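Pasted below: upload_23.json, JSON, C-alpha atoms.
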[["chain", "number", "residue", "atom", "x", "y", "z"],
["A", 1206, "MET", "CA", 28.01, 25.86, -19.66],
["A", 1207, "ALA", "CA", 30.84, 25.59, -17.24],
["A", 1208, "LYS", "CA", 31.11, 23.80, -13.96],
["A", 1209, "LYS", "CA", 33.90, 24.80, -11.60],
["A", 1210, "SER", "CA", 35.27, 23.24, -8.44],
["A", 1211, "SER", "CA", 35.98, 25.33, -5.37],
["A", 1212, "HIS", "CA", 39.61, 24.25, -5.16],
["A", 1213, "PRO", "CA", 42.53, 26.67, -5.55],
["A", 1214, "ALA", "CA", 43.92, 27.35, -9.00],
["A", 1215, "GLU", "CA", 47.45, 28.17, -10.05],
["A", 1216, "GLY", "CA", 50.46, 28.28, -7.79],
["A", 1217, "GLN", "CA", 49.28, 25.59, -5.37],
["A", 1218, "SER", "CA", 51.68, 22.81, -6.37],
["A", 1219, "SER", "CA", 54.81, 21.72, -4.62],
["A", 1220, "SER", "CA", 58.00, 23.66, -5.28],
["A", 1221, "GLU", "CA", 59.81, 22.79, -8.50],
["A", 1222, "ASP", "CA", 62.88, 21.50, -6.75],
["A", 1223, "ARG", "CA", 60.85, 18.49, -5.60],
["A", 1224, "ILE", "CA", 59.57, 17.68, -9.08],
["A", 1225, "PRO", "CA", 61.69, 15.32, -11.18],
["A", 1226, "PRO", "CA", 62.33, 16.70, -14.69],
["A", 1227, "LEU", "CA", 60.11, 15.71, -17.56],
["A", 1228, "ARG", "CA", 62.32, 13.95, -20.11],
["A", 1229, "VAL", "CA", 61.37, 15.49, -23.45],
["A", 1230, "LEU", "CA", 62.56, 14.04, -26.75],
["A", 1231, "VAL", "CA", 62.19, 16.53, -29.60],
["A", 1232, "SER", "CA", 62.16, 15.41, -33.22],
["A", 1233, "TRP", "CA", 63.80, 18.22, -35.21],
["A", 1234, "SER", "CA", 66.46, 18.58, -37.90],
["A", 1235, "PRO", "CA", 68.35, 21.65, -39.14],
["A", 1236, "SER", "CA", 66.80, 21.00, -42.55],
["A", 1237, "SER", "CA", 63.31, 21.50, -41.07],
["A", 1238, "THR", "CA", 61.51, 24.56, -42.41],
["A", 1239, "GLY", "CA", 59.83, 25.23, -39.06],
["A", 1240, "THR", "CA", 60.85, 25.26, -35.39],
["A", 1241, "GLU", "CA", 57.47, 24.38, -33.85],
["A", 1242, "ALA", "CA", 58.81, 21.26, -32.08],
["A", 1243, "ILE", "CA", 61.64, 23.28, -30.49],
["A", 1244, "GLU", "CA", 59.21, 26.01, -29.45],
["A", 1245, "PHE", "CA", 56.86, 23.37, -28.01],
["A", 1246, "ALA", "CA", 59.71, 22.08, -25.82],
["A", 1247, "ALA", "CA", 60.62, 25.64, -24.76],
["A", 1248, "TRP", "CA", 56.96, 26.25, -23.89],
["A", 1249, "LEU", "CA", 56.93, 23.19, -21.64],
["A", 1250, "ALA", "CA", 60.24, 24.29, -20.11],
["A", 1251, "ARG", "CA", 58.59, 27.51, -18.94],
["A", 1252, "SER", "CA", 55.98, 25.46, -17.11],
["A", 1253, "THR", "CA", 57.79, 22.59, -15.39],
["A", 1254, "PRO", "CA", 61.31, 21.18, -14.88],
["A", 1255, "VAL", "CA", 62.42, 19.42, -18.06],
["A", 1256, "GLN", "CA", 65.40, 17.62, -19.53],
["A", 1257, "ILE", "CA", 65.46, 18.11, -23.30],
["A", 1258, "ARG", "CA", 67.19, 16.06, -25.97],
["A", 1259, "VAL", "CA", 66.79, 16.72, -29.70],
["A", 1260, "VAL", "CA", 67.01, 13.84, -32.14],
["A", 1261, "SER", "CA", 67.67, 14.43, -35.84],
["A", 1262, "THR", "CA", 67.26, 11.68, -38.38],
["A", 1263, "ILE", "CA", 68.78, 10.85, -41.74],
["A", 1264, "SER", "CA", 66.67, 8.60, -43.93],
["A", 1265, "GLN", "CA", 68.68, 5.91, -45.70],
["A", 1266, "PRO", "CA", 67.65, 2.79, -47.64],
["A", 1267, "LEU", "CA", 68.33, -0.47, -45.83],
["A", 1268, "THR", "CA", 71.08, -1.48, -48.28],
["A", 1269, "VAL", "CA", 72.90, 1.81, -47.81],
["A", 1270, "THR", "CA", 72.52, 1.62, -44.06],
["A", 1271, "SER", "CA", 73.98, -1.84, -43.80],
["A", 1272, "LEU", "CA", 76.90, -1.47, -46.25],
["A", 1273, "SER", "CA", 78.12, 2.13, -46.35],
["A", 1274, "LYS", "CA", 78.46, 2.46, -42.57],
["A", 1275, "LEU", "CA", 81.43, 0.11, -42.76],
["A", 1276, "SER", "CA", 83.49, 2.57, -44.79],
["A", 1277, "GLY", "CA", 85.83, 5.16, -43.33],
["A", 1278, "SER", "CA", 84.53, 7.88, -45.63],
["A", 1279, "TYR", "CA", 81.00, 7.37, -44.33],
["A", 1280, "LYS", "CA", 82.16, 7.65, -40.72],
["A", 1281, "GLN", "CA", 84.01, 10.89, -41.47],
["A", 1282, "TRP", "CA", 80.98, 12.31, -43.27],
["A", 1283, "PHE", "CA", 78.65, 11.30, -40.45],
["A", 1284, "LYS", "CA", 80.92, 12.83, -37.81],
["A", 1285, "LYS", "CA", 80.92, 16.13, -39.70],
["A", 1286, "GLU", "CA", 77.13, 16.04, -40.08],
["A", 1287, "ARG", "CA", 76.69, 15.31, -36.38],
["A", 1288, "ALA", "CA", 78.81, 18.32, -35.39],
["A", 1289, "THR", "CA", 76.93, 20.60, -37.78],
["A", 1290, "CYS", "CA", 73.61, 19.31, -36.47],
["A", 1291, "GLU", "CA", 74.59, 19.88, -32.84],
["A", 1292, "ARG", "CA", 75.51, 23.51, -33.51],
["A", 1293, "ALA", "CA", 72.18, 24.11, -35.22],
["A", 1294, "VAL", "CA", 70.24, 22.41, -32.42],
["A", 1295, "LYS", "CA", 71.92, 24.50, -29.72],
["A", 1296, "GLN", "CA", 71.27, 27.69, -31.70],
["A", 1297, "ALA", "CA", 67.59, 26.80, -32.14],
["A", 1298, "LEU", "CA", 67.15, 26.00, -28.44],
["A", 1299, "ASP", "CA", 68.91, 29.20, -27.43],
["A", 1300, "ALA", "CA", 66.74, 31.25, -29.80],
["A", 1301, "ALA", "CA", 63.65, 29.64, -28.25],
["A", 1302, "GLY", "CA", 64.81, 30.74, -24.79],
["A", 1303, "VAL", "CA", 65.59, 27.34, -23.30],
["A", 1304, "ASP", "CA", 67.96, 27.56, -20.33],
["A", 1305, "LYS", "CA", 71.12, 25.46, -20.67],
["A", 1306, "ALA", "CA", 70.34, 23.84, -17.31],
["A", 1307, "GLN", "CA", 67.27, 22.27, -18.93],
["A", 1308, "LEU", "CA", 69.27, 20.54, -21.65],
["A", 1309, "ASP", "CA", 70.48, 16.97, -21.56],
["A", 1310, "LYS", "CA", 74.24, 16.40, -21.53],
["A", 1311, "ASN", "CA", 73.83, 14.85, -25.00],
["A", 1312, "VAL", "CA", 71.42, 17.48, -26.20],
["A", 1313, "SER", "CA", 71.76, 16.60, -29.89],
["A", 1314, "VAL", "CA", 71.65, 13.08, -31.31],
["A", 1315, "LEU", "CA", 71.93, 12.28, -35.01],
["A", 1316, "ILE", "CA", 70.83, 8.85, -36.18],
["A", 1317, "ALA", "CA", 70.36, 7.25, -39.60],
["A", 1318, "GLY", "CA", 68.16, 4.42, -40.83],
["A", 1319, "PRO", "CA", 65.41, 3.38, -43.22],
["A", 1320, "SER", "CA", 62.44, 4.14, -40.91],
["A", 1321, "ARG", "CA", 62.13, 7.50, -39.17],
["A", 1322, "PRO", "CA", 59.34, 6.40, -36.78],
["A", 1323, "GLN", "CA", 61.42, 3.40, -35.67],
["A", 1324, "LEU", "CA", 64.47, 5.62, -35.21],
["A", 1325, "LEU", "CA", 62.48, 8.00, -33.02],
["A", 1326, "GLU", "CA", 61.02, 5.17, -30.98],
["A", 1327, "GLN", "CA", 64.48, 3.72, -30.38],
["A", 1328, "ALA", "CA", 65.84, 7.16, -29.48],
["A", 1329, "ALA", "CA", 63.00, 7.60, -26.97],
["A", 1330, "THR", "CA", 63.85, 4.25, -25.39],
["A", 1331, "ASP", "CA", 67.55, 5.11, -25.17],
["A", 1332, "PHE", "CA", 66.74, 8.46, -23.53],
["A", 1333, "ASN", "CA", 64.05, 6.98, -21.25],
["A", 1334, "ALA", "CA", 61.81, 9.74, -22.56],
["A", 1335, "HIS", "CA", 58.45, 10.63, -21.06],
["A", 1336, "VAL", "CA", 57.13, 12.27, -24.23],
["A", 1337, "ILE", "CA", 58.01, 12.63, -27.92],
["A", 1338, "LEU", "CA", 57.40, 16.04, -29.52],
["A", 1339, "LEU", "CA", 56.87, 16.35, -33.26],
["A", 1340, "GLY", "CA", 56.99, 19.47, -35.40],
["A", 1341, "ALA", "CA", 54.22, 20.79, -37.60],
["A", 1342, "ASN", "CA", 53.63, 19.63, -41.14],
["A", 1343, "GLN", "CA", 54.58, 22.70, -43.16],
["A", 1344, "SER", "CA", 51.88, 21.96, -45.73],
["A", 1345, "ALA", "CA", 49.23, 22.66, -43.09],
["A", 1346, "PRO", "CA", 47.46, 26.04, -42.97],
["A", 1347, "LYS", "CA", 48.84, 28.39, -40.33],
["A", 1348, "GLY", "CA", 47.38, 27.56, -36.95],
["A", 1349, "ARG", "CA", 46.29, 24.06, -37.99],
["A", 1350, "PHE", "CA", 47.70, 20.56, -37.92],
["A", 1351, "PHE", "CA", 48.17, 18.05, -40.73],
["A", 1352, "SER", "CA", 49.40, 14.58, -39.86],
["A", 1353, "GLY", "CA", 52.34, 13.35, -41.94],
["A", 1354, "SER", "CA", 53.59, 9.79, -42.30],
["A", 1355, "THR", "CA", 55.83, 9.98, -39.21],
["A", 1356, "ALA", "CA", 53.08, 11.40, -37.01],
["A", 1357, "ASP", "CA", 50.60, 8.83, -38.29],
["A", 1358, "ALA", "CA", 52.97, 5.98, -37.51],
["A", 1359, "LEU", "CA", 53.81, 7.22, -34.01],
["A", 1360, "LEU", "CA", 50.18, 7.90, -33.17],
["A", 1361, "HIS", "CA", 49.43, 4.27, -33.94],
["A", 1362, "TYR", "CA", 52.49, 2.57, -32.48],
["A", 1363, "SER", "CA", 54.36, 4.75, -29.97],
["A", 1364, "PRO", "CA", 54.30, 3.39, -26.39],
["A", 1365, "LEU", "CA", 54.78, 6.97, -25.13],
["A", 1366, "PRO", "CA", 52.66, 10.12, -25.22],
["A", 1367, "VAL", "CA", 53.14, 12.03, -28.47],
["A", 1368, "GLY", "CA", 53.03, 15.83, -28.59],
["A", 1369, "LEU", "CA", 51.77, 17.58, -31.74],
["A", 1370, "THR", "CA", 51.60, 21.27, -32.53],
["A", 1371, "PRO", "CA", 49.83, 23.30, -35.21],
["A", 1372, "ARG", "CA", 51.94, 25.25, -37.68],
["A", 1373, "GLY", "CA", 53.05, 28.77, -36.85],
["A", 1374, "ILE", "CA", 51.05, 29.32, -33.65],
["A", 1375, "LYS", "CA", 52.06, 31.72, -30.88],
["A", 1376, "LEU", "CA", 52.37, 30.14, -27.45],
["A", 1377, "SER", "CA", 52.02, 31.84, -24.09],
["A", 1378, "LYS", "CA", 55.20, 33.39, -22.70],
["A", 1379, "HIS", "CA", 54.11, 32.01, -19.33],
["A", 1380, "GLY", "CA", 54.16, 28.42, -20.53],
["A", 1381, "VAL", "CA", 51.23, 26.04, -20.18],
["A", 1382, "THR", "CA", 48.53, 27.80, -18.19],
["A", 1383, "ARG", "CA", 45.66, 25.32, -18.53],
["A", 1384, "ILE", "CA", 45.26, 21.62, -19.28],
["A", 1385, "ASN", "CA", 42.28, 20.57, -21.36],
["A", 1386, "PHE", "CA", 41.03, 16.99, -21.61],
["A", 1387, "ALA", "CA", 38.52, 16.05, -24.31],
["A", 1388, "PHE", "CA", 36.29, 13.00, -24.39],
["A", 1389, "THR", "CA", 36.23, 11.89, -28.02],
["A", 1390, "GLU", "CA", 35.42, 8.19, -28.00],
["A", 1391, "LEU", "CA", 33.38, 6.06, -25.58],
["A", 1392, "GLY", "CA", 33.70, 7.99, -22.35],
["A", 1393, "ARG", "CA", 34.03, 6.93, -18.73],
["A", 1394, "ALA", "CA", 34.49, 9.30, -15.84],
["A", 1395, "ASP", "CA", 37.63, 7.52, -14.61],
["A", 1396, "ASP", "CA", 39.30, 7.39, -18.05],
["A", 1397, "PRO", "CA", 43.06, 6.70, -17.55],
["A", 1398, "ALA", "CA", 43.86, 9.46, -20.04],
["A", 1399, "LEU", "CA", 41.83, 11.89, -17.93],
["A", 1400, "ARG", "CA", 43.85, 10.85, -14.89],
["A", 1401, "HIS", "CA", 47.02, 11.49, -16.89],
["A", 1402, "ALA", "CA", 45.80, 14.98, -17.80],
["A", 1403, "ALA", "CA", 45.05, 15.64, -14.14],
["A", 1404, "CYS", "CA", 48.56, 14.54, -13.20],
["A", 1405, "ILE", "CA", 49.98, 17.07, -15.66],
["A", 1406, "ALA", "CA", 47.78, 19.81, -14.19],
["A", 1407, "GLN", "CA", 48.82, 18.84, -10.68],
["A", 1408, "ARG", "CA", 52.49, 18.85, -11.65],
["A", 1409, "GLY", "CA", 52.25, 22.40, -12.99],
["A", 1410, "GLY", "CA", 49.81, 23.71, -10.43],
["A", 1411, "ILE", "CA", 47.43, 24.78, -13.21],
["A", 1412, "PRO", "CA", 43.68, 24.35, -13.86],
["A", 1413, "LEU", "CA", 42.08, 21.43, -15.68],
["A", 1414, "ARG", "CA", 39.17, 21.86, -18.10],
["A", 1415, "ILE", "CA", 37.24, 18.71, -19.05],
["A", 1416, "LEU", "CA", 35.49, 18.89, -22.41],
["A", 1417, "ALA", "CA", 32.94, 16.97, -24.42],
["A", 1418, "PHE", "CA", 32.56, 17.99, -28.04],
["A", 1419, "SER", "CA", 31.55, 16.35, -31.25],
["A", 1420, "ALA", "CA", 30.35, 17.29, -34.68],
["A", 1421, "LYS", "CA", 27.11, 15.52, -33.74],
["A", 1422, "GLY", "CA", 27.02, 17.09, -30.31],
["A", 1423, "LEU", "CA", 27.28, 13.84, -28.40],
["A", 1424, "VAL", "CA", 29.83, 11.67, -26.67],
["A", 1425, "ASP", "CA", 29.15, 7.90, -26.77],
["A", 1426, "VAL", "CA", 26.37, 7.68, -29.37],
["A", 1427, "PRO", "CA", 24.02, 4.72, -28.74],
["A", 1428, "LEU", "CA", 24.17, 2.26, -31.63],
["A", 1429, "GLU", "CA", 20.41, 2.12, -32.05],
["A", 1430, "TYR", "CA", 20.22, 5.82, -32.97],
["A", 1431, "SER", "CA", 19.89, 6.81, -36.61],
["A", 1432, "PRO", "CA", 22.59, 8.64, -38.63],
["A", 1433, "THR", "CA", 20.65, 11.89, -38.18],
["A", 1434, "PHE", "CA", 21.38, 11.84, -34.44],
["A", 1435, "PRO", "CA", 21.14, 14.11, -32.42],
["A", 1436, "SER", "CA", 18.23, 15.71, -34.28],
["A", 1437, "ASP", "CA", 16.04, 12.78, -33.26],
["A", 1438, "ALA", "CA", 17.46, 12.41, -29.75],
["A", 1439, "PRO", "CA", 16.86, 15.43, -27.51],
["A", 1440, "ASN", "CA", 18.68, 13.87, -24.55],
["A", 1441, "TRP", "CA", 22.19, 14.10, -26.09],
["A", 1442, "ARG", "CA", 23.09, 17.17, -24.04],
["A", 1443, "GLU", "CA", 21.93, 15.57, -20.80],
["A", 1444, "HIS", "CA", 24.06, 12.53, -21.59],
["A", 1445, "SER", "CA", 27.16, 14.68, -22.11],
["A", 1446, "LEU", "CA", 26.43, 16.75, -19.01],
["A", 1447, "SER", "CA", 26.12, 13.60, -16.95],
["A", 1448, "LEU", "CA", 29.48, 12.32, -18.20],
["A", 1449, "LEU", "CA", 31.15, 15.64, -17.45],
["A", 1450, "ASP", "CA", 29.61, 15.79, -13.98],
["A", 1451, "ARG", "CA", 30.91, 12.31, -13.15],
["A", 1452, "ALA", "CA", 34.36, 13.16, -14.51],
["A", 1453, "HIS", "CA", 34.44, 16.41, -12.52],
["A", 1454, "ASP", "CA", 33.50, 14.63, -9.31],
["A", 1455, "PHE", "CA", 36.09, 11.91, -9.93],
["A", 1456, "ILE", "CA", 38.93, 14.41, -10.41],
["A", 1457, "ALA", "CA", 37.76, 16.57, -7.49],
["A", 1458, "GLU", "CA", 37.95, 13.51, -5.23],
["A", 1459, "VAL", "CA", 41.27, 12.09, -6.46],
["A", 1460, "PHE", "CA", 43.01, 15.45, -7.08],
["A", 1461, "PRO", "CA", 41.35, 17.84, -4.58],
["A", 1462, "GLU", "CA", 44.02, 20.52, -5.06],
["A", 1463, "ILE", "CA", 43.25, 21.02, -8.78],
["A", 1464, "SER", "CA", 40.82, 23.66, -10.03],
["A", 1465, "VAL", "CA", 38.42, 21.81, -12.38],
["A", 1466, "THR", "CA", 35.91, 23.15, -14.88],
["A", 1467, "THR", "CA", 33.80, 21.41, -17.52],
["A", 1468, "ASP", "CA", 32.35, 22.59, -20.82],
["A", 1469, "ILE", "CA", 30.61, 21.34, -23.97],
["A", 1470, "GLY", "CA", 31.60, 22.36, -27.49],
["A", 1471, "SER", "CA", 29.05, 21.84, -30.24],
["A", 1472, "GLY", "CA", 28.54, 23.31, -33.68],
["A", 1473, "HIS", "CA", 28.41, 22.57, -37.38],
["A", 1474, "GLY", "CA", 31.13, 20.04, -38.12],
["A", 1475, "TRP", "CA", 34.30, 19.56, -36.10],
["A", 1476, "SER", "CA", 35.48, 23.09, -36.80],
["A", 1477, "GLY", "CA", 32.28, 24.52, -35.36],
["A", 1478, "ALA", "CA", 32.49, 22.28, -32.29],
["A", 1479, "VAL", "CA", 36.08, 23.31, -31.54],
["A", 1480, "ASP", "CA", 35.58, 27.00, -32.29],
["A", 1481, "SER", "CA", 32.52, 27.19, -30.08],
["A", 1482, "LEU", "CA", 34.85, 27.05, -27.06],
["A", 1483, "LYS", "CA", 37.24, 29.78, -25.93],
["A", 1484, "TRP", "CA", 40.93, 28.87, -26.24],
["A", 1485, "LYS", "CA", 44.00, 30.56, -24.79],
["A", 1486, "LYS", "CA", 47.66, 30.71, -25.88],
["A", 1487, "GLY", "CA", 48.54, 28.71, -22.76],
["A", 1488, "ASP", "CA", 46.14, 25.81, -23.49],
["A", 1489, "LEU", "CA", 47.37, 22.24, -23.91],
["A", 1490, "LEU", "CA", 44.80, 19.74, -25.15],
["A", 1491, "CYS", "CA", 45.09, 16.12, -23.99],
["A", 1492, "LEU", "CA", 43.44, 13.30, -25.90],
["A", 1493, "GLY", "CA", 43.17, 9.68, -24.85],
["A", 1494, "SER", "CA", 43.67, 6.66, -27.05],
["A", 1495, "SER", "CA", 42.62, 3.06, -27.29],
["A", 1496, "PRO", "CA", 44.99, 0.17, -26.57],
["A", 1497, "MET", "CA", 46.35, -1.61, -29.63],
["A", 1498, "GLY", "CA", 46.98, -5.27, -28.91],
["A", 1499, "PRO", "CA", 48.57, -6.61, -25.72],
["A", 1500, "ILE", "CA", 51.36, -4.00, -25.78],
["A", 1501, "GLU", "CA", 50.86, -0.48, -24.41],
["A", 1502, "ARG", "CA", 50.56, 1.66, -27.53],
["A", 1503, "VAL", "CA", 49.06, 4.91, -28.69],
["A", 1504, "PHE", "CA", 46.12, 4.14, -30.96],
["A", 1505, "ILE", "CA", 44.25, 7.32, -31.71],
["A", 1506, "GLY", "CA", 40.59, 6.72, -32.48],
["A", 1507, "SER", "CA", 38.69, 7.83, -35.55],
["A", 1508, "THR", "CA", 36.93, 10.65, -33.70],
["A", 1509, "ALA", "CA", 40.18, 12.17, -32.46],
["A", 1510, "THR", "CA", 41.71, 11.75, -35.91],
["A", 1511, "GLU", "CA", 38.86, 13.78, -37.40],
["A", 1512, "LEU", "CA", 39.22, 16.36, -34.63],
["A", 1513, "LEU", "CA", 42.97, 17.06, -34.91],
["A", 1514, "PRO", "CA", 42.95, 19.13, -38.14],
["A", 1515, "HIS", "CA", 40.60, 21.63, -36.49],
["A", 1516, "VAL", "CA", 42.55, 22.12, -33.24],
["A", 1517, "GLY", "CA", 44.58, 25.30, -32.92],
["A", 1518, "VAL", "CA", 46.51, 24.50, -29.71],
["A", 1519, "PRO", "CA", 49.26, 21.97, -28.93],
["A", 1520, "VAL", "CA", 47.98, 18.43, -28.37],
["A", 1521, "LEU", "CA", 49.27, 15.56, -26.25],
["A", 1522, "VAL", "CA", 47.99, 12.10, -27.24],
["A", 1523, "CYS", "CA", 48.50, 9.54, -24.50],
["A", 1524, "PRO", "CA", 48.08, 5.74, -24.55],
["A", 1525, "SER", "CA", 45.20, 4.77, -22.31],
["A", 1526, "THR", "CA", 47.43, 2.29, -20.48],
["A", 1527, "TYR", "CA", 50.39, 4.67, -20.01],
["A", 1528, "ASP", "CA", 51.58, 4.44, -16.39],
["A", 1529, "THR", "CA", 51.82, 8.07, -15.30],
["A", 1530, "GLU", "CA", 52.72, 7.34, -11.69],
["A", 1531, "ALA", "CA", 55.57, 5.06, -12.70],
["A", 1532, "ARG", "CA", 57.07, 7.97, -14.60]]
Before anything else, please render the file you have as structure tokens.
Amino acid sequence: MAKKSSHPAEGQSSSEDRIPPLRVLVSWSPSSTGTEAIEFAAWLARSTPVQIRVVSTISQPLTVTSLSKLSGSYKQWFKKERATCERAVKQALDAAGVDKAQLDKNVSVLIAGPSRPQLLEQAATDFNAHVILLGANQSAPKGRFFSGSTADALLHYSPLPVGLTPRGIKLSKHGVTRINFAFTELGRADDPALRHAACIAQRGGIPLRILAFSAKGLVDVPLEYSPTFPSDAPNWREHSLSLLDRAHDFIAEVFPEISVTTDIGSGHGWSGAVDSLKWKKGDLLCLGSSPMGPIERVFIGSTATELLPHVGVPVLVCPSTYDTEAR
């Protein structure tokens, strides 16, 4: 099924010169075996004004970090590594087709410390980043995503949206051409993460597709249902349709200029649910998260965690309390 609004689609947004650049922090090192994070940034750069900075990290034990940095030989070595890293970063960005005007003045930053996730979080704060992009785990099958230790940590603790990309996928030469938002946990039509996805669509003047899909074919399973649900609950589809209708109407009212469609993906297991929908090279999937404690943090739920390995398009995971308008 698909429900579509009557509002105009692409090309209806304000001119780019009135849009402040999206500050994109890319986690990538010359030693990386893939360039997916760089290509993800270049893909975004073809869609909206951006300011890109690449951060490379060197993992060092705490004792080494605290003592060796005091020596002159360490400083000389680090300076040489930083220069080598900057050359590699500029070459990778150029090969990906990123215009120099879209690069930050300090396009390459090299930092060292015992915890890579903490280094990235600090680098994002220093850059006042809007999003952190991570590369693909090279142990993942082509076209799929495996979460490594850094991604796991950031998905649980980053106060910013985190961008993930499957390994070795081909992205649209036209940039992001459609935003997809998926309900994965308890759904409400005015979900803050849905609003964030709509803001991205509005910024790029591109359509928004709102999805509900689950291995069990239901969003928001009532607790009193048995583990064999939905086989013993024929109203699961109506429940999902109702949620999608409310979400569609909410976006159509708040963002009347966006073209909105809705769809349901269902099948055997998560792979079947995802593959039951049609995906394009220009699709970006947005997932919401649950707040973790009193601080605004990404905390990806169990459903989304199970879903990620089966997704074949770039994903943006956003904290439910992330203030889009303030950015």
Quick one: contact table of region 1228-1277 of chain A to region 1309-1327 of chain A, 7 Å max, nearest atom pair and distance in Å to one decimal per residue, counting only C-alpha atoms, chain and number order, as a tab-separated table?
residue	atom	partner	partner_atom	distance
A:Gln1256	CA	A:Asp1309	CA	5.5
A:Ile1257	CA	A:Asp1309	CA	5.4
A:Arg1258	CA	A:Val1312	CA	4.5
A:Val1259	CA	A:Ser1313	CA	5.0
A:Val1260	CA	A:Val1314	CA	4.8
A:Ser1261	CA	A:Leu1315	CA	4.8
A:Thr1262	CA	A:Ile1316	CA	5.1
A:Ile1263	CA	A:Ala1317	CA	4.5
A:Ser1264	CA	A:Gly1318	CA	5.4
A:Gln1265	CA	A:Pro1319	CA	4.8
A:Pro1266	CA	A:Pro1319	CA	5.0
A:Leu1267	CA	A:Pro1319	CA	5.5
A:Thr1270	CA	A:Gly1318	CA	6.1
(request) Could you check how far CA of Glu1241 (chain A) sits from CA of Ile1405 (chain A), in Å to one decimal? (result)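 For CA of Glu1241 (chain A) relative to CA of Ile1405 (chain A), the distance reads 21.0 Å.
The shortest atom-to-atom distance to Leu1308 (chain A), with only C-alpha atoms taken into account, belongs to A:Pro1254 out of A:Gly1517, A:Pro1235, A:Pro1254, A:Gly1474.
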(request) Could you check which of A:Asp1357, A:Glu1244, A:Glu1286, A:Asp1395 is closest to Ala1457 (chain A), using all atoms listed in the file? (result) A:Asp1395
(request) For each of A:Tyr1362, A:Leu1513, A:Ala1247, A:Ser1234, take the minimum atom-to-atom distance to Arg1287 (chain A), counting only C-alpha atoms, then give the residue where this is smallest. (result) A:Ser1234
(request) Determine the nearest neighbour of Val1367 (chain A) from the options A:Ser1278, A:Thr1382, A:Thr1355, A:Ser1471, counting all atoms listed in the file. (result)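 Distance minimum relative to Val1367 (chain A) lands on A:Thr1355.
For the choices A:Pro1346, A:Pro1514, A:Pro1519, A:Gly1380, the atom-to-atom distance to Ser1476 (chain A) is smallest for A:Pro1514 when using all atoms listed in the file.
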(message) Between CA of Arg1349 (chain A) and CA of Pro1371 (chain A), what is the distance in Å, rounded to a tenth?
(response) 4.6 Å
(request) Take CA of Arg1451 (chain A) and CA of Ala1406 (chain A) and report the distance between them in Å, one decimal. (result) 18.5 Å
(message) If we count all atoms listed in the file and set the cut-off at 12 Å, which residues sit around region 1300-1307 of chain A, ignoring sequence neighbours fewer than 5 positions away in its own chain? Please answer as a count of residues only.
(response) 31
(request) Would you mind telling me which residue in A:Leu1448, A:Cys1290, A:Leu1399, A:Ala1394 lies nearest to Leu1521 (chain A) when using all atoms listed in the file? (result)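 That would be A:Leu1399, the residue with the smallest distance to Leu1521 (chain A).
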Could the centre and edge lengths of an axis-aligned box, enclosing all atoms of region 1511-1522 of chain A in the file with 8 Å extra on each side, be given in Å to one decimal as JSON?
{"center_x": 44.1, "center_y": 18.7, "center_z": -32.2, "size_x": 26.4, "size_y": 29.2, "size_z": 27.9}
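Residues lying within 12 Å of (56.2, 21.2, -44.4). Counted over only C-alpha atoms, they are Ser1236, Ser1237, Thr1238, Gly1239, Thr1240, Glu1241, Gly1340, Ala1341, Asn1342, Gln1343, Ser1344, Ala1345, Pro1346, Lys1347, Phe1350, Phe1351, Ser1352, Gly1353, Ser1354, Pro1371, Arg1372 and Gly1373 of chain A.
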(request) Using all atoms listed in the file, collect all residues at a distance of at most 8 Å from (45.9, 19.6, -23.5) as written in the file, then present them as an NGL selection string. (result) :A and (1383-1386 or 1402 or 1488-1492 or 1518-1521)
